[in-house]
>>> print(open('query.cif').read())   # mmCIF, C-alpha atoms
data_query
loop_
_atom_site.label_atom_id
_atom_site.label_comp_id
_atom_site.auth_asym_id
_atom_site.auth_seq_id
_atom_site.Cartn_x
_atom_site.Cartn_y
_atom_site.Cartn_z
CA MET A 4 -187.34 61.56 123.61
CA ARG A 5 -189.51 58.52 122.98
CA PHE A 6 -187.69 55.52 121.50
CA GLY A 7 -188.99 52.63 119.49
CA ILE A 8 -186.91 49.48 119.94
CA ILE A 9 -186.59 47.35 116.80
CA GLY A 10 -186.17 43.79 118.06
CA THR A 11 -185.48 42.10 121.37
CA ALA A 12 -181.73 41.44 121.02
CA ASP A 13 -179.72 40.70 124.16
CA ILE A 14 -177.88 44.02 123.87
CA ALA A 15 -181.21 45.87 124.05
CA ARG A 16 -182.39 43.95 127.11
CA THR A 17 -179.15 43.88 129.06
CA ALA A 18 -177.61 47.25 128.19
CA LEU A 19 -179.60 49.82 126.26
CA LEU A 20 -182.99 49.52 127.94
CA PRO A 21 -181.58 49.55 131.50
CA ALA A 22 -179.52 52.61 130.54
CA LEU A 23 -182.47 54.37 128.95
CA ARG A 24 -184.51 53.78 132.10
CA GLU A 25 -181.96 55.86 134.04
CA THR A 26 -182.50 58.91 131.82
CA GLU A 27 -185.43 61.29 131.51
CA HIS A 28 -186.25 59.67 128.16
CA SER A 29 -188.20 56.48 127.53
CA ALA A 30 -188.87 53.44 125.40
CA ALA A 31 -192.39 53.99 124.06
CA ALA A 32 -192.70 50.84 121.95
CA ILE A 33 -190.91 47.62 121.07
CA ALA A 34 -191.37 45.23 118.15
CA SER A 35 -190.48 41.63 117.47
CA ARG A 36 -191.49 39.28 114.69
CA ASP A 37 -192.59 37.08 117.58
CA GLU A 38 -194.80 39.53 119.46
CA SER A 39 -194.79 37.34 122.58
CA ARG A 40 -191.10 38.16 122.97
CA ALA A 41 -191.84 41.86 122.62
CA VAL A 42 -194.54 41.54 125.28
CA GLN A 43 -192.12 39.80 127.64
CA VAL A 44 -189.51 42.57 127.32
CA ALA A 45 -192.17 45.27 127.49
CA GLU A 46 -193.46 43.89 130.79
CA GLU A 47 -189.94 43.80 132.20
CA PHE A 48 -189.20 47.42 131.31
CA GLY A 49 -192.62 49.01 131.45
CA ILE A 50 -192.83 49.70 127.72
CA PRO A 51 -196.42 50.69 126.91
CA ARG A 52 -196.83 49.34 123.35
CA THR A 53 -195.73 46.18 121.54
CA TYR A 54 -195.87 45.21 117.89
CA GLY A 55 -195.54 41.96 115.97
CA SER A 56 -193.70 43.60 113.08
CA TYR A 57 -191.05 46.27 112.65
CA GLU A 58 -193.22 48.05 110.09
CA GLU A 59 -195.96 48.62 112.65
CA LEU A 60 -193.50 50.11 115.11
CA LEU A 61 -192.09 52.51 112.55
CA SER A 62 -195.62 53.73 111.81
CA ASP A 63 -196.26 54.57 115.47
CA PRO A 64 -196.77 58.36 115.62
CA GLU A 65 -195.78 58.43 119.28
CA ILE A 66 -192.09 57.61 118.78
CA ASP A 67 -189.34 60.10 117.96
CA ALA A 68 -186.35 57.84 117.30
CA VAL A 69 -185.45 54.17 117.02
CA TYR A 70 -182.76 51.96 118.44
CA ASN A 71 -181.73 49.29 115.95
CA PRO A 72 -180.01 46.25 117.53
CA LEU A 73 -180.97 43.79 114.78
CA PRO A 74 -178.41 41.35 113.30
CA ASN A 75 -175.69 43.12 111.32
CA GLY A 76 -177.10 42.12 107.96
CA LEU A 77 -180.41 43.86 108.74
CA HIS A 78 -179.01 47.15 110.03
CA ALA A 79 -179.03 48.94 106.70
CA GLU A 80 -182.55 47.97 105.61
CA TRP A 81 -184.27 48.92 108.84
CA THR A 82 -182.25 52.06 109.41
CA LYS A 83 -183.35 53.26 105.98
CA ARG A 84 -186.95 52.33 106.72
CA ALA A 85 -186.80 54.32 109.93
CA ALA A 86 -185.39 57.28 108.00
CA ASP A 87 -188.34 57.02 105.61
CA GLU A 88 -190.57 57.76 108.60
CA GLY A 89 -188.45 60.75 109.63
CA LEU A 90 -187.06 58.91 112.67
CA ASP A 91 -183.57 59.49 114.02
CA VAL A 92 -181.59 56.26 114.42
CA LEU A 93 -179.18 54.91 117.00
CA CYS A 94 -177.89 51.78 115.26
CA GLU A 95 -175.78 49.07 116.81
CA LYS A 96 -172.33 48.53 115.44
CA PRO A 97 -171.35 47.80 112.77
CA LEU A 98 -173.65 50.08 110.83
CA ALA A 99 -173.76 47.85 107.75
CA ALA A 100 -172.42 44.67 106.18
CA ASP A 101 -169.67 46.50 104.26
CA ALA A 102 -168.40 49.98 103.47
CA GLN A 103 -170.43 50.38 100.29
CA GLU A 104 -173.63 49.60 102.17
CA ALA A 105 -172.57 51.93 105.00
CA GLU A 106 -172.08 54.76 102.50
CA SER A 107 -175.55 54.11 101.12
CA VAL A 108 -177.14 54.20 104.59
CA VAL A 109 -175.33 57.37 105.60
CA GLN A 110 -176.32 59.21 102.43
CA TYR A 111 -179.89 57.97 102.75
CA CYS A 112 -180.18 59.37 106.27
CA ARG A 113 -178.60 62.65 105.23
CA ASP A 114 -181.10 63.00 102.40
CA ALA A 115 -183.93 62.21 104.82
CA GLY A 116 -182.65 64.82 107.27
CA VAL A 117 -182.39 62.44 110.22
CA THR A 118 -179.59 61.94 112.74
CA LEU A 119 -177.68 58.66 112.46
CA MET A 120 -175.30 57.40 115.13
CA GLU A 121 -173.40 54.12 115.37
CA ALA A 122 -173.50 52.65 118.87
CA PHE A 123 -169.84 52.28 119.83
CA MET A 124 -170.55 52.89 123.50
CA TYR A 125 -166.92 52.89 124.69
CA ARG A 126 -166.31 56.11 122.77
CA TYR A 127 -168.57 57.93 125.24
CA HIS A 128 -166.80 56.90 128.43
CA PRO A 129 -164.69 59.67 130.10
CA ARG A 130 -161.81 57.20 130.38
CA THR A 131 -161.65 56.93 126.59
CA GLU A 132 -161.59 60.71 126.28
CA ARG A 133 -158.76 60.89 128.82
CA ALA A 134 -156.80 58.20 126.99
CA VAL A 135 -157.11 60.14 123.73
CA GLU A 136 -155.89 63.26 125.50
CA LEU A 137 -152.82 61.49 126.90
CA VAL A 138 -151.91 59.90 123.57
CA ARG A 139 -152.24 63.18 121.68
CA GLU A 140 -150.59 65.47 124.21
CA GLU A 141 -148.06 63.43 126.18
CA LEU A 142 -147.03 60.27 124.31
CA ASP A 143 -144.27 61.13 121.86
CA ASN A 144 -143.97 59.49 118.45
CA VAL A 145 -146.62 56.83 119.03
CA HIS A 146 -145.52 53.85 116.96
CA SER A 147 -147.73 50.88 117.81
CA LEU A 148 -151.01 49.67 119.22
CA ASN A 149 -152.31 46.27 120.25
CA ALA A 150 -156.09 45.89 120.62
CA SER A 151 -158.01 42.68 121.29
CA PHE A 152 -161.59 41.73 122.04
CA LYS A 153 -162.06 37.99 122.43
CA PHE A 154 -164.51 35.77 124.26
CA ARG A 155 -165.95 32.28 124.19
CA LEU A 156 -169.22 32.28 122.26
CA GLU A 157 -171.46 29.67 123.85
CA GLY A 158 -174.33 30.21 121.43
CA THR A 159 -175.95 27.47 119.40
CA PRO A 160 -175.02 26.93 115.72
CA ASP A 161 -178.00 29.08 114.70
CA ASP A 162 -176.64 32.09 116.62
CA VAL A 163 -176.92 35.12 114.32
CA ARG A 164 -173.25 35.90 115.00
CA LEU A 165 -172.35 32.69 113.16
CA ASP A 166 -174.61 33.36 110.16
CA PRO A 167 -172.83 34.57 107.01
CA ASP A 168 -176.14 35.74 105.52
CA LEU A 169 -176.54 38.13 108.47
CA ALA A 170 -172.96 39.48 108.29
CA GLY A 171 -171.79 37.47 111.26
CA GLY A 172 -168.21 36.78 112.31
CA ALA A 173 -165.81 37.64 115.10
CA LEU A 174 -164.43 40.71 113.34
CA MET A 175 -167.90 42.13 112.80
CA ASP A 176 -169.04 41.35 116.33
CA VAL A 177 -166.07 42.22 118.55
CA GLY A 178 -163.01 42.75 116.38
CA CYS A 179 -164.65 45.91 115.07
CA TYR A 180 -163.95 47.46 118.49
CA ALA A 181 -160.24 46.78 118.07
CA VAL A 182 -160.33 48.37 114.61
CA SER A 183 -162.16 51.38 116.02
CA ALA A 184 -159.57 51.79 118.77
CA ALA A 185 -156.67 51.53 116.32
CA ARG A 186 -158.17 54.25 114.19
CA LEU A 187 -159.00 56.38 117.23
CA PHE A 188 -155.42 56.44 118.48
CA LEU A 189 -153.38 56.06 115.26
CA GLY A 190 -155.63 57.35 112.51
CA GLU A 191 -156.45 55.73 109.18
CA PRO A 192 -154.13 52.90 108.08
CA ASP A 193 -152.75 52.61 104.57
CA ARG A 194 -152.76 48.81 104.23
CA VAL A 195 -153.67 45.73 106.19
CA TYR A 196 -152.74 42.08 106.40
CA ALA A 197 -155.03 39.54 108.05
CA TYR A 198 -155.51 35.87 108.87
CA GLN A 199 -158.83 34.27 109.73
CA ASN A 200 -160.05 30.88 110.90
CA ASP A 201 -163.49 29.29 110.97
CA THR A 202 -163.26 26.77 113.80
CA ARG A 203 -166.98 25.96 113.70
CA ASP A 204 -167.39 25.45 109.96
CA ALA A 205 -170.02 28.19 110.09
CA GLY A 206 -169.00 30.16 107.02
CA VAL A 207 -167.75 33.11 109.07
CA ASP A 208 -164.53 33.96 110.88
CA THR A 209 -164.46 32.78 114.48
CA THR A 210 -160.95 34.24 114.81
CA LEU A 211 -159.43 37.07 112.82
CA MET A 212 -156.07 38.68 113.47
CA GLY A 213 -154.83 41.63 111.51
CA ILE A 214 -151.96 44.07 111.13
CA LEU A 215 -152.73 47.66 110.21
CA GLU A 216 -149.78 49.41 108.56
CA TYR A 217 -149.08 53.12 108.11
CA GLU A 218 -146.80 54.74 105.53
CA ASP A 219 -144.72 56.34 108.29
CA GLY A 220 -143.90 52.97 109.85
CA ARG A 221 -146.50 52.84 112.62
CA MET A 222 -148.52 49.68 113.01
CA ALA A 223 -151.41 48.18 114.96
CA HIS A 224 -152.28 44.60 115.79
CA VAL A 225 -156.02 43.93 116.07
CA ASP A 226 -157.93 40.76 116.71
CA GLY A 227 -161.32 39.38 117.61
CA ALA A 228 -162.34 35.82 118.46
CA PHE A 229 -165.23 33.63 119.55
CA ASP A 230 -163.07 30.77 120.87
CA ALA A 231 -160.92 32.23 123.63
CA PRO A 232 -161.15 33.27 127.27
CA GLU A 233 -162.44 36.83 127.49
CA VAL A 234 -159.86 39.49 126.74
CA GLN A 235 -160.55 43.18 126.22
CA ARG A 236 -157.31 45.07 126.05
CA CYS A 237 -155.86 48.07 124.27
CA ARG A 238 -152.23 49.16 124.67
CA VAL A 239 -150.66 52.15 122.93
CA GLU A 240 -146.89 52.61 122.86
CA GLY A 241 -144.69 55.59 122.05
CA GLU A 242 -141.04 56.54 122.41
CA ASN A 243 -141.49 57.87 125.93
CA GLY A 244 -144.00 55.44 127.37
CA TRP A 245 -147.20 53.47 127.05
CA LEU A 246 -150.87 53.52 127.94
CA GLU A 247 -153.21 50.59 128.60
CA LEU A 248 -156.97 50.07 128.94
CA ASP A 249 -158.13 46.80 130.47
CA PRO A 250 -160.96 46.00 130.06
CA ALA A 251 -160.91 48.27 127.07
CA PHE A 252 -164.44 48.27 125.75
CA ASN A 253 -167.25 46.69 127.76
CA VAL A 254 -166.68 48.41 131.09
CA SER A 255 -168.59 47.42 134.22
CA THR A 256 -171.27 49.82 135.41
CA ASP A 257 -170.60 48.83 139.03
CA GLU A 258 -166.82 49.09 139.32
CA PRO A 259 -164.34 51.88 138.60
CA ALA A 260 -162.63 51.85 135.22
CA ALA A 261 -158.84 51.92 135.23
CA LEU A 262 -156.43 53.73 132.96
CA GLU A 263 -152.78 52.83 133.47
CA TYR A 264 -149.77 54.44 131.83
CA GLU A 265 -146.10 55.20 132.13
CA ILE A 266 -144.92 58.38 130.44
CA ASP A 267 -141.47 59.91 130.86
CA GLY A 268 -140.84 57.58 133.78
CA ARG A 269 -144.02 58.66 135.56
CA HIS A 270 -146.35 55.81 136.39
CA GLY A 271 -150.02 56.74 136.40
CA HIS A 272 -153.05 54.75 137.48
CA GLU A 273 -156.23 56.77 137.08
CA ARG A 274 -159.60 55.49 138.23
CA PHE A 275 -162.95 56.62 136.86
CA GLU A 276 -166.07 56.31 138.95
CA PRO A 277 -168.58 53.65 137.85
CA LEU A 278 -170.50 54.89 134.85
CA ASP A 279 -173.06 53.37 132.52
CA GLN A 280 -171.47 54.13 129.18
CA TYR A 281 -174.66 53.05 127.41
CA ARG A 282 -176.44 55.86 129.22
CA ALA A 283 -173.68 58.23 128.10
CA GLU A 284 -174.18 56.95 124.56
CA VAL A 285 -177.94 57.55 124.68
CA GLU A 286 -177.47 61.05 126.04
CA ALA A 287 -174.88 61.85 123.36
CA PHE A 288 -177.30 60.66 120.69
CA ILE A 289 -180.06 62.87 122.06
CA ASP A 290 -177.68 65.85 122.23
CA ALA A 291 -176.78 65.29 118.58
CA VAL A 292 -180.44 65.11 117.56
CA GLU A 293 -181.28 68.30 119.44
CA SER A 294 -178.24 70.27 118.28
CA GLY A 295 -178.01 68.94 114.74
CA ALA A 296 -174.30 68.24 115.27
CA GLU A 297 -172.55 65.21 113.81
CA PRO A 298 -172.25 62.52 116.51
CA ARG A 299 -168.81 61.40 117.61
CA THR A 300 -169.63 58.03 116.04
CA GLY A 301 -171.64 59.36 113.14
CA GLY A 302 -171.84 58.30 109.53
CA ALA A 303 -168.37 59.27 108.36
CA GLU A 304 -166.81 57.40 111.26
CA ALA A 305 -168.90 54.30 110.53
CA ILE A 306 -167.86 54.29 106.87
CA ALA A 307 -164.17 54.67 107.74
CA ASN A 308 -164.31 51.76 110.19
CA MET A 309 -166.03 49.55 107.61
CA ARG A 310 -163.39 50.35 105.00
CA VAL A 311 -160.73 48.88 107.27
CA ILE A 312 -162.92 45.88 108.10
CA ASP A 313 -163.52 45.26 104.39
CA ALA A 314 -159.79 45.40 103.72
CA LEU A 315 -159.07 42.94 106.55
CA TYR A 316 -161.56 40.46 105.14
CA GLU A 317 -160.17 40.87 101.63
CA SER A 318 -156.63 40.34 102.89
CA ALA A 319 -157.61 37.24 104.86
CA SER A 320 -159.33 35.84 101.78
CA ARG A 321 -156.43 36.58 99.41
CA GLY A 322 -153.63 35.77 101.82
CA GLU A 323 -151.73 38.97 101.02
CA PRO A 324 -151.59 42.63 102.11
CA VAL A 325 -154.37 44.86 100.87
CA ASP A 326 -154.48 48.64 100.58
CA VAL A 327 -157.28 50.37 102.44
CA GLU A 328 -159.57 52.16 100.03
#
>>> encode(input="query.cif", output="structure tokens")
Amino acid sequence: MRFGIIGTADIARTALLPALRETEHSAAAIASRDESRAVQVAEEFGIPRTYGSYEELLSDPEIDAVYNPLPNGLHAEWTKRAADEGLDVLCEKPLAADAQEAESVVQYCRDAGVTLMEAFMYRYHPRTERAVELVREELDNVHSLNASFKFRLEGTPDDVRLDPDLAGGALMDVGCYAVSAARLFLGEPDRVYAYQNDTRDAGVDTTLMGILEYEDGRMAHVDGAFDAPEVQRCRVEGENGWLELDPAFNVSTDEPAALEYEIDGRHGHERFEPLDQYRAEVEAFIDAVESGAEPRTGGAEAIANMRVIDALYESASRGEPVDVE
């Protein structure tokens, strides 16, 4: 499969393009509104064609699919434009600025007959699959989860992650992983309560902490932050034990990934050989395109995650619990 890369975001240069290079597929073209940046990345990765606009790239007849790592607020527009050209889309998370926009994008791609996948790479790591298996089959009466993704954002004030017009914010950038994990292990919450803080007077949350509540009494604590030492942790607890992933989401490609648990008094520490989960993500996307199957992180999943994110933001704004739509 020949990919067109829309933009020169860090995630494309440091993760997706190196992963794609390790597959039998390729990046055939890359675009940037500053074509000199596209040329620089193209030279680094051996990409044959560059464009000074996204429109030109989408008109390239030699590409089969696009990878969309643009700022969050531009995901919907350019995913739809790719669909107009009959191109399948691997879009960075989160798929859209809110659930309503996500629903619009998903329906648009369905109508266009193209595959759409949200790029939550951790979902394609074998360790995640094993964790899901343990929680579903061996942990009894799971009652709580704690998931965090925090780091110190050293970017300048014009960093797109601090721009409210581009759907920036800690929840949208990293907290969305914690929300995804909560839903993966506990299912869809009924209501949420959240608190946010804007330590940089940027107009977006630089810290957001939330509680996800379930009618049966289960609960999850999720948080994301731009002003803390790096933490990536997910812990699931049940009546007969617990399970923990650390680091939970952005796993090294050079070191084994660990899964630790204690169930029925049995302490387990499983190690998974180094794996590029971005490569696994790319290969899963291509499998979905070729088979026509719904991706693990397809449209319905993206909408459900955004509904919880929307509720967290509404709760933080109102200062009271909010039901999830």
>>> residues_around(input="query.cif", residues="Arg5 of chain A", least_positions_apart="2", cutoff="9 Å", atoms="only C-alpha atoms", output="ChimeraX atom specification")
/A:7,28-32,65-69
>>> atom_distance(input="query.cif", atom1="atom CA of Gln103 of chain A", atom2="atom CA of Ala303 of chain A")
12.2 Å
>>> resolve_selection(input="query.cif", expression="the PyMOL selection byres ((chain A and resi 111) around 12)", output="PDB file with C-alpha atoms, in the frame of the given file")
ATOM      1  CA  ALA A  79    -179.030  48.940 106.700  1.00  0.00           C
ATOM      2  CA  GLU A  80    -182.550  47.970 105.610  1.00  0.00           C
ATOM      3  CA  TRP A  81    -184.270  48.920 108.840  1.00  0.00           C
ATOM      4  CA  THR A  82    -182.250  52.060 109.410  1.00  0.00           C
ATOM      5  CA  LYS A  83    -183.350  53.260 105.980  1.00  0.00           C
ATOM      6  CA  ARG A  84    -186.950  52.330 106.720  1.00  0.00           C
ATOM      7  CA  ALA A  85    -186.800  54.320 109.930  1.00  0.00           C
ATOM      8  CA  ALA A  86    -185.390  57.280 108.000  1.00  0.00           C
ATOM      9  CA  ASP A  87    -188.340  57.020 105.610  1.00  0.00           C
ATOM     10  CA  GLY A  89    -188.450  60.750 109.630  1.00  0.00           C
ATOM     11  CA  ASP A  91    -183.570  59.490 114.020  1.00  0.00           C
ATOM     12  CA  VAL A  92    -181.590  56.260 114.420  1.00  0.00           C
ATOM     13  CA  GLU A 104    -173.630  49.600 102.170  1.00  0.00           C
ATOM     14  CA  ALA A 105    -172.570  51.930 105.000  1.00  0.00           C
ATOM     15  CA  GLU A 106    -172.080  54.760 102.500  1.00  0.00           C
ATOM     16  CA  SER A 107    -175.550  54.110 101.120  1.00  0.00           C
ATOM     17  CA  VAL A 108    -177.140  54.200 104.590  1.00  0.00           C
ATOM     18  CA  VAL A 109    -175.330  57.370 105.600  1.00  0.00           C
ATOM     19  CA  GLN A 110    -176.320  59.210 102.430  1.00  0.00           C
ATOM     20  CA  CYS A 112    -180.180  59.370 106.270  1.00  0.00           C
ATOM     21  CA  ARG A 113    -178.600  62.650 105.230  1.00  0.00           C
ATOM     22  CA  ASP A 114    -181.100  63.000 102.400  1.00  0.00           C
ATOM     23  CA  ALA A 115    -183.930  62.210 104.820  1.00  0.00           C
ATOM     24  CA  GLY A 116    -182.650  64.820 107.270  1.00  0.00           C
ATOM     25  CA  VAL A 117    -182.390  62.440 110.220  1.00  0.00           C
ATOM     26  CA  THR A 118    -179.590  61.940 112.740  1.00  0.00           C
ATOM     27  CA  LEU A 119    -177.680  58.660 112.460  1.00  0.00           C
ATOM     28  CA  GLY A 302    -171.840  58.300 109.530  1.00  0.00           C
TER      29      GLY A 302
END
>>> resolve_selection(input="query.cif", expression="the PyMOL selection byres ((chain A and resi 135-145) around 9)", output="PDB file with C-alpha atoms, in the coordinates of the input")
ATOM      1  CA  ARG A 130    -161.810  57.200 130.380  1.00  0.00           C
ATOM      2  CA  THR A 131    -161.650  56.930 126.590  1.00  0.00           C
ATOM      3  CA  GLU A 132    -161.590  60.710 126.280  1.00  0.00           C
ATOM      4  CA  ARG A 133    -158.760  60.890 128.820  1.00  0.00           C
ATOM      5  CA  ALA A 134    -156.800  58.200 126.990  1.00  0.00           C
ATOM      6  CA  HIS A 146    -145.520  53.850 116.960  1.00  0.00           C
ATOM      7  CA  SER A 147    -147.730  50.880 117.810  1.00  0.00           C
ATOM      8  CA  LEU A 148    -151.010  49.670 119.220  1.00  0.00           C
ATOM      9  CA  LEU A 187    -159.000  56.380 117.230  1.00  0.00           C
ATOM     10  CA  PHE A 188    -155.420  56.440 118.480  1.00  0.00           C
ATOM     11  CA  LEU A 189    -153.380  56.060 115.260  1.00  0.00           C
ATOM     12  CA  ARG A 221    -146.500  52.840 112.620  1.00  0.00           C
ATOM     13  CA  VAL A 239    -150.660  52.150 122.930  1.00  0.00           C
ATOM     14  CA  GLU A 240    -146.890  52.610 122.860  1.00  0.00           C
ATOM     15  CA  GLY A 241    -144.690  55.590 122.050  1.00  0.00           C
ATOM     16  CA  GLU A 242    -141.040  56.540 122.410  1.00  0.00           C
ATOM     17  CA  ASN A 243    -141.490  57.870 125.930  1.00  0.00           C
ATOM     18  CA  GLY A 244    -144.000  55.440 127.370  1.00  0.00           C
ATOM     19  CA  TRP A 245    -147.200  53.470 127.050  1.00  0.00           C
ATOM     20  CA  LEU A 246    -150.870  53.520 127.940  1.00  0.00           C
ATOM     21  CA  ILE A 266    -144.920  58.380 130.440  1.00  0.00           C
ATOM     22  CA  ASP A 267    -141.470  59.910 130.860  1.00  0.00           C
TER      23      ASP A 267
END
>>> residues_around(input="query.cif", residues="Glu216 of chain A", least_positions_apart="5", cutoff="9 Å", atoms="only C-alpha atoms", output="JSON, numbers by chain")
{"A": [192, 193, 194, 195, 196, 221, 222, 223]}
>>> residues_around(input="query.cif", residues="Phe123 of chain A", least_positions_apart="5", cutoff="8 Å", atoms="all atoms listed in the file", output="list of chain:residue names")
A:Glu95, A:Lys96, A:Tyr180, A:Glu284, A:Thr300
>>> resolve_selection(input="query.cif", expression="the PyMOL selection byres ((chain A and resi 46-58) around 7)", output="ChimeraX atom specification")
/A:9,30-38,41-45,59-62
>>> residues_around(input="query.cif", residues="Leu315 of chain A", least_positions_apart="3", cutoff="8 Å", atoms="all atoms listed in the file", output="MDAnalysis selection string")
chainID A and resid 195:197 213 311:312 318:319 325
>>> write_last_selection(input="query.cif", atoms="C-alpha atoms", output="PDB file, keeping the file's coordinate frame")
ATOM      1  CA  VAL A 195    -153.670  45.730 106.190  1.00  0.00           C
ATOM      2  CA  TYR A 196    -152.740  42.080 106.400  1.00  0.00           C
ATOM      3  CA  ALA A 197    -155.030  39.540 108.050  1.00  0.00           C
ATOM      4  CA  GLY A 213    -154.830  41.630 111.510  1.00  0.00           C
ATOM      5  CA  VAL A 311    -160.730  48.880 107.270  1.00  0.00           C
ATOM      6  CA  ILE A 312    -162.920  45.880 108.100  1.00  0.00           C
ATOM      7  CA  SER A 318    -156.630  40.340 102.890  1.00  0.00           C
ATOM      8  CA  ALA A 319    -157.610  37.240 104.860  1.00  0.00           C
ATOM      9  CA  VAL A 325    -154.370  44.860 100.870  1.00  0.00           C
TER      10      VAL A 325
END
>>> closest_atom_pairs(input="query.cif", of="segment 178-204 of chain A", to="segment 252-262 of chain A", cutoff="12 Å", atoms="all atoms listed in the file", output="tab-separated table")
residue	atom	partner	partner_atom	distance
A:Gly178	CA	A:Phe252	CA	11.0
A:Cys179	CA	A:Phe252	CA	10.9
A:Tyr180	CA	A:Phe252	CA	7.3
A:Ala181	CA	A:Phe252	CA	8.9
A:Val182	CA	A:Phe252	CA	11.9
A:Ser183	CA	A:Phe252	CA	10.5
A:Ala184	CA	A:Phe252	CA	9.2
>>> write_last_selection(input="query.cif", atoms="C-alpha atoms", output="compact mmCIF listing (two decimals), keeping the file's coordinate frame")
# COMPACT_ATOMS: atom_id res chain seq x y z
CA GLY A 178 -163.01 42.75 116.38
CA CYS A 179 -164.65 45.91 115.07
CA TYR A 180 -163.95 47.46 118.49
CA ALA A 181 -160.24 46.78 118.07
CA VAL A 182 -160.33 48.37 114.61
CA SER A 183 -162.16 51.38 116.02
CA ALA A 184 -159.57 51.79 118.77
>>> closest_residue(input="query.cif", among="A:Val234, A:Leu169, A:Ala283, A:Val225", to="Gly206 of chain A", atoms="all atoms listed in the file")
A:Leu169
>>> residues_around(input="query.cif", residues="Gly171 of chain A", least_positions_apart="4", cutoff="8 Å", atoms="all atoms listed in the file", output="PyMOL selection string")
chain A and resi 74-76+163-167+175-176+207
>>> write_last_selection(input="query.cif", atoms="C-alpha atoms", output="PDB file, in the frame of the given file")
ATOM      1  CA  PRO A  74    -178.410  41.350 113.300  1.00  0.00           C
ATOM      2  CA  ASN A  75    -175.690  43.120 111.320  1.00  0.00           C
ATOM      3  CA  GLY A  76    -177.100  42.120 107.960  1.00  0.00           C
ATOM      4  CA  VAL A 163    -176.920  35.120 114.320  1.00  0.00           C
ATOM      5  CA  ARG A 164    -173.250  35.900 115.000  1.00  0.00           C
ATOM      6  CA  LEU A 165    -172.350  32.690 113.160  1.00  0.00           C
ATOM      7  CA  ASP A 166    -174.610  33.360 110.160  1.00  0.00           C
ATOM      8  CA  PRO A 167    -172.830  34.570 107.010  1.00  0.00           C
ATOM      9  CA  MET A 175    -167.900  42.130 112.800  1.00  0.00           C
ATOM     10  CA  ASP A 176    -169.040  41.350 116.330  1.00  0.00           C
ATOM     11  CA  VAL A 207    -167.750  33.110 109.070  1.00  0.00           C
TER      12      VAL A 207
END
>>> atom_distance(input="query.cif", atom1="atom CA of Val327 of chain A", atom2="atom CA of Arg310 of chain A")
6.6 Å
>>> atom_distance(input="query.cif", atom1="atom CA of Leu248 of chain A", atom2="atom CA of His272 of chain A")
10.5 Å
>>> closest_residue(input="query.cif", among="A:Asp326, A:Ile306, A:Pro277, A:Glu247", to="Met120 of chain A", atoms="all atoms listed in the file")
A:Ile306
>>> closest_residue(input="query.cif", among="A:Ala15, A:Leu77, A:Met212, A:Leu93", to="Val285 of chain A", atoms="only C-alpha atoms")
A:Leu93
>>> decode(input="query.cif", residues="segment 127-138 of chain A", atoms="N, CA and C atoms", output="CSV table (one decimal), in the first residue's frame")
chain,number,residue,atom,x,y,z
A,127,TYR,N,-2.8,-2.2,19.7
A,127,TYR,CA,-2.3,-3.2,18.8
A,127,TYR,C,-1.1,-3.9,19.3
A,128,HIS,N,-0.8,-3.6,20.5
A,128,HIS,CA,0.4,-4.3,21.2
A,128,HIS,C,-0.1,-5.6,21.8
A,129,PRO,N,0.6,-6.7,21.6
A,129,PRO,CA,0.2,-8.0,22.2
A,129,PRO,C,0.0,-7.9,23.7
A,130,ARG,N,0.7,-7.1,24.4
A,130,ARG,CA,0.6,-6.9,25.8
A,130,ARG,C,-0.8,-6.4,26.2
A,131,THR,N,-1.3,-5.5,25.4
A,131,THR,CA,-2.7,-5.0,25.7
A,131,THR,C,-3.7,-6.1,25.5
A,132,GLU,N,-3.5,-6.9,24.4
A,132,GLU,CA,-4.4,-8.0,24.2
A,132,GLU,C,-4.4,-9.0,25.4
A,133,ARG,N,-3.2,-9.3,25.9
A,133,ARG,CA,-3.1,-10.2,27.0
A,133,ARG,C,-3.7,-9.6,28.3
A,134,ALA,N,-3.6,-8.3,28.5
A,134,ALA,CA,-4.2,-7.7,29.7
A,134,ALA,C,-5.7,-7.8,29.6
A,135,VAL,N,-6.2,-7.6,28.4
A,135,VAL,CA,-7.7,-7.7,28.2
A,135,VAL,C,-8.1,-9.1,28.6
A,136,GLU,N,-7.4,-10.1,28.1
A,136,GLU,CA,-7.7,-11.5,28.4
A,136,GLU,C,-7.7,-11.8,29.9
A,137,LEU,N,-6.7,-11.3,30.6
A,137,LEU,CA,-6.6,-11.5,32.0
A,137,LEU,C,-7.8,-10.9,32.8
A,138,VAL,N,-8.1,-9.6,32.4
A,138,VAL,CA,-9.2,-8.9,33.1
A,138,VAL,C,-10.5,-9.6,32.8
